[in-house]
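Trainee: First, the structure itself, so that you have it in front of you.
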Amino acid sequence: MSYKRPWKLFMSIAIVTALALTSACASQQAPEPAPTQPPTEAPAGPAKPSGKVVIGMPTLGSGFIDPMQLRTGMEAVFGKAMFESLVIRDDAGKLAPQLATSWEIGNGGKTITFTLRKGVKFHDGSELAADDVKWSVERALGPDVTSVLKATLQGMIGSVEVADSSTVRFNMKTTDPTFFDIFHLLVPILPKEAYEGKPASAVNDQPIGTGPWKYVSRNGNDSVFMTAFEDHWAQAPSVKDLELRVIPDPATQWAALRSGEIDLAYLTGSPLIAEAINDPTMKLFKGKGAGVVTVNPNVQFIKSAADMTDLDQPFLDARVRQAMSLALDRKQIAETLYLGNASPAKYTLLPTSRGYRASDPDPGYDPARARQLLAEAGYPSGFRTELHYTEVGLPAGLVELMQAAWKAIGVDVKLVKASDPDWIMKLLAGKYPGMVLNIIPAPSMFEPGPGQASLYAGAINPPYDRISAVIGKWSNTLDEAGMNAAAEELRKIYLEEMPDLAVVYLDAVWVGGPRVDAWPIPPAPSVNPMNTHLIKLKGQ
Amino acid sequence: MQRYILKRLGQSLLTLLGISILVFVLIRLTGDPSVTMLPADATPADRALFRHELGLDRPITTQYGIFLSNALRGNLGNSLMGGQPALHMVMTALGNTLRLVAFTLVLSVAAGMLIGIGSAVRPHGFLDRFGCYLTILGQSAPAFWVGIMLMLLFSVKLRVLPTSGMGGLTTYLMPAFTLGWFSMAAITRVAKSAMLAVLDSDYIKMAWALGTPHRQIVFKYALRNAAIPLLTMTGIQLIGLIGGTVLVESVFAWPGLGRLAVTSVSYSDFTVLQAFVLVYAGLVAVINLVVDVLYAYLDPRVRFE
């Protein structure tokens with residue numbers, strides 16, 4: 001198994017789905033001071049930051065520090081440490097204030113007025129003002145910076161007006177609930193005075209933000225050095241210096257961790273996790289609910305009846321989908337293949353998603369009932385189909401275990417490994433007959449926007465056409481009640497129809513060495529800031 | 001002679017031009033960067049704008065024309081990923097790779113010759129037996145395994161060497177040993193057999209009979225003749241070492257050319273890939289040119305063919 005690509009693709013998909021699927025906003029008026037980089041415990045008073053932490057990273061992604069130029073998702077780890085935006089997702093997945101203390105949605109969603117936090121300083125000592133916000137947004141929409149979702153942003157934001165020194169009004173073109181997430185991921189608030197008139201690359205070369213970490217230097221794409229920003233408006237890091245060091249090979253990361261050269265290593269998906277679990281000097285830090293592994297019937301993506309094959313036909317019947325689900329022992333998969341770093345999934349809604357209910361029943365494991373459902377659906381002797389997958393991000397043995405489980409209920413599944421570079425695009429176009437094994441990162445099902453709607457747009461098969469209609473409504477409202485109603489409707493479809501087979505909820509796993517005491521990784525760590533400023537060393 | 005050099009230079013430039021066209025077209029057949037770099041559910045408008053801003057929506061001939069005109073001025077474009085000049089990235093990585101390769105080569109040749117000569121001079125002695133085990137292991141142990149074992153011993157257990165990265169002399173030792181063990185084994189075998197053959201020749205026996213000092217016979221009379229096959233083997237190993245850095249660079253997080261190429265492929269970073277292939281091809285062309293010129297210098301018949 002390759003260990004570089006899993007991270008890359010996983011993060012890519014994470015950003016991917018998160019950008020389009022997560023969304024914003026719930027409250028029309030956010031509570032006043034609630035800090036955004038929420039401290040998990042009370043600030044430790046005036047204690048000076050001390051010590052150094054080195055985090056081993058499989059890659060720095062594209063190497064762009066400017067969040068506008070984010071390409072793979074990995075850049076968020078350091079970009080979000082140095083830069084901040086107006087709002088952010090908190091650890092519960094709710095929209096929370098960051099550089100804006102509150103916002104008001106007016107005129108049916110056509111205007112959003114942000115009130116800025118007072119006393120926020122940039123790393124160069126200048127103070128945040130409304131002009132900085134206006135300039136940063138106009139930079140994001142303008143021609144100087146290439147950005148992955150610029151057209152989407154241009155389609156959302158009409159103009160930005162400065163009402164006074166601490167109030168900014170956005171005139172919106174759409175009422176798209178993904179606006180807040182796309183904005184906080186891609187649009188850092190920059191000091192206008194420092195960058196105006198300079199080339200766009202200045203933000204990469206000499207980053208100045210308001211985040212808890214201040215840029216020091218970088219060594220190409222091999223390491224980035226940061227230091228604690230002691231004037232941070234919420235909470236300065238406890239650790240003084242932070243280094244992100246690229247070590248692509250997980251075995252080398254593990255050796256570096258054991259030798260004390262690095263303090264934290266990213267080993268998600270690596271069999272070395274087992275060694276870390278058994279090593280009493282190591283500590284696991286988990287980002288719960290980082291994604292969900294699903295088996296998607298291809299009928300979900302088929303847009304024309306002519307594309308339907310014999311391998312797809314059985315999945316049009318909900319009883320077949322339920323039978324395929326009941327054949328899987330999710331608990332065994334979570335415990336043996338994921339070594340406890342995953343948990344059985346109820347549906348593709350994650351625990352941080354709107355619409356998720358802890359009281360909903362688990363899909364269960366009941367091969368006898370599965371065979372009965374198949375017989376009721378007209379397949380007493382089972383049927384033949386295919387499972388398409390890439391090895392990226394999957395533990396060894398997962399597909400074989402599922403194949404054996406389905407064989408036990410009479411379904412003959414041929415495993416087909418896909419190696420297409422544009423695998424995701426082909427998957428969405430319905431080019432893999434039968435089923436597709438997929439990893440959907442958090443919080444992809446949170447509040448779907450047009451991106452998510454496009455996944456189902458043109459769906460011809462029930463219940464996917466119903467899902468498409470629900471998402472269509474959901475992705476065009478900023479109204480809290482409307483979003484809740486849509487989420488509830490979607491949850492019901494998931495429970496009644498089992499449109500896809502959610503297998504396990506994944507954890508993102510980092511392993512800490514003996515010096516590290518605490519690191520509260522947020523849920524959905526691939527899209528939220530990694531909370532590196534909350535890392536504590538022993539004795540702090 | 002001057003005419004010959006000009007002719008070969010022209011041929012090399014034509015080769016480079018051909019390679020640049022081939023690379024330009026082939027890389028674009030491998031996929032669209034907007035697929036690998038943009039979120040899967042980015043809208044078609046996002047993709048179109050992204051491609052437009054990178055100039056990827058123009059006809060391929062126009063793109064090539066712009067590329068060629070910039071390349072002639074020494075500008076191979078900026079990386080689609082990090083935004084840095086592609087040529088600078090490739091040259092920096094090449095320098096790092098060549099440093100590691102040079103260090104490795106010196107170690108391999110020195111150790112290989114020492115053990116090979118020692119084995120030949122005292123057959124069945126300690127060095128001979130040690131060399132035998134060393135060559136068998138060196139030629140059979142996979143590099144990634146050797147690298148990890150070295151790390152476990154010297155970094156994790158003894159904590160005397162850093163696991164990875166490029167820095168001071170200590171950072172070169174494990175990557176160089178991992179990379180060079182195979183070469184060292186090959187050089188040891190050749191050194192031993194070449195020395196054995198030479199030491200068995202009549203002029204060496206005569207030197208022994210005349211009471212010439214041992215050291216003088218081995219290093220002055222025998223080694224000179226044994227050095228010819230050794231030089232050939234060293235040249236072959238040099239090419240192997242450059243090719244072999246890809247894996248070692250990945251294991252030891254060495255910021256070299258192999259790692260840069262692999263990363264560029266996985267992200268469809270066209271500009272860096274083009275720069276990589278052109279620089280590599282340019283290097284080969286220059287080496288070939290130098291060799292051809294040297295041949296012509298040494299053998300006048302070549303000039304007139």
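In the structure tokens, each chain is lettered A, B, ... as it comes, each chain's residues begin at 1, and ligands are numbered from 1 in order of appearance.
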Taking only C-alpha atoms into account, find every residue of chain B that has an atom no more than 8 Å from chain A, and write it out as a PyMOL selection string.

Mentor: chain B and resi 31+35-43+45-47+49-50+53+81-83+148+151-152+155-157+159+162-165+250-253+255

Trainee: Could you pull out the alpha helix (DSSP H) residues of segment 51-103 of chain A from DSSP and send them as a ChimeraX atom specification?

Mentor: /A:75-82

Trainee: Choose the residue, out of A:Ala342, A:Ala485, A:Ile208, A:Val299, that has the smallest atom-to-atom separation from Ala429 of chain A; count only C-alpha atoms.

Mentor: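 Comparing A:Ala342, A:Ala485, A:Ile208, A:Val299 against Ala429 of chain A, the winner is A:Val299.
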
Trainee: Just give me the gap between atom CA of Val218 of chain B and atom CA of Asp200 of chain B in Å, one decimal is fine.

Mentor: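 That distance, rounded to one decimal, is 11.6 Å.
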
Trainee: Report the distance between atom CA of Cys132 of chain B and atom CA of Leu196 of chain B in Å, rounded to one decimal place.

Mentor: 14.7 Å
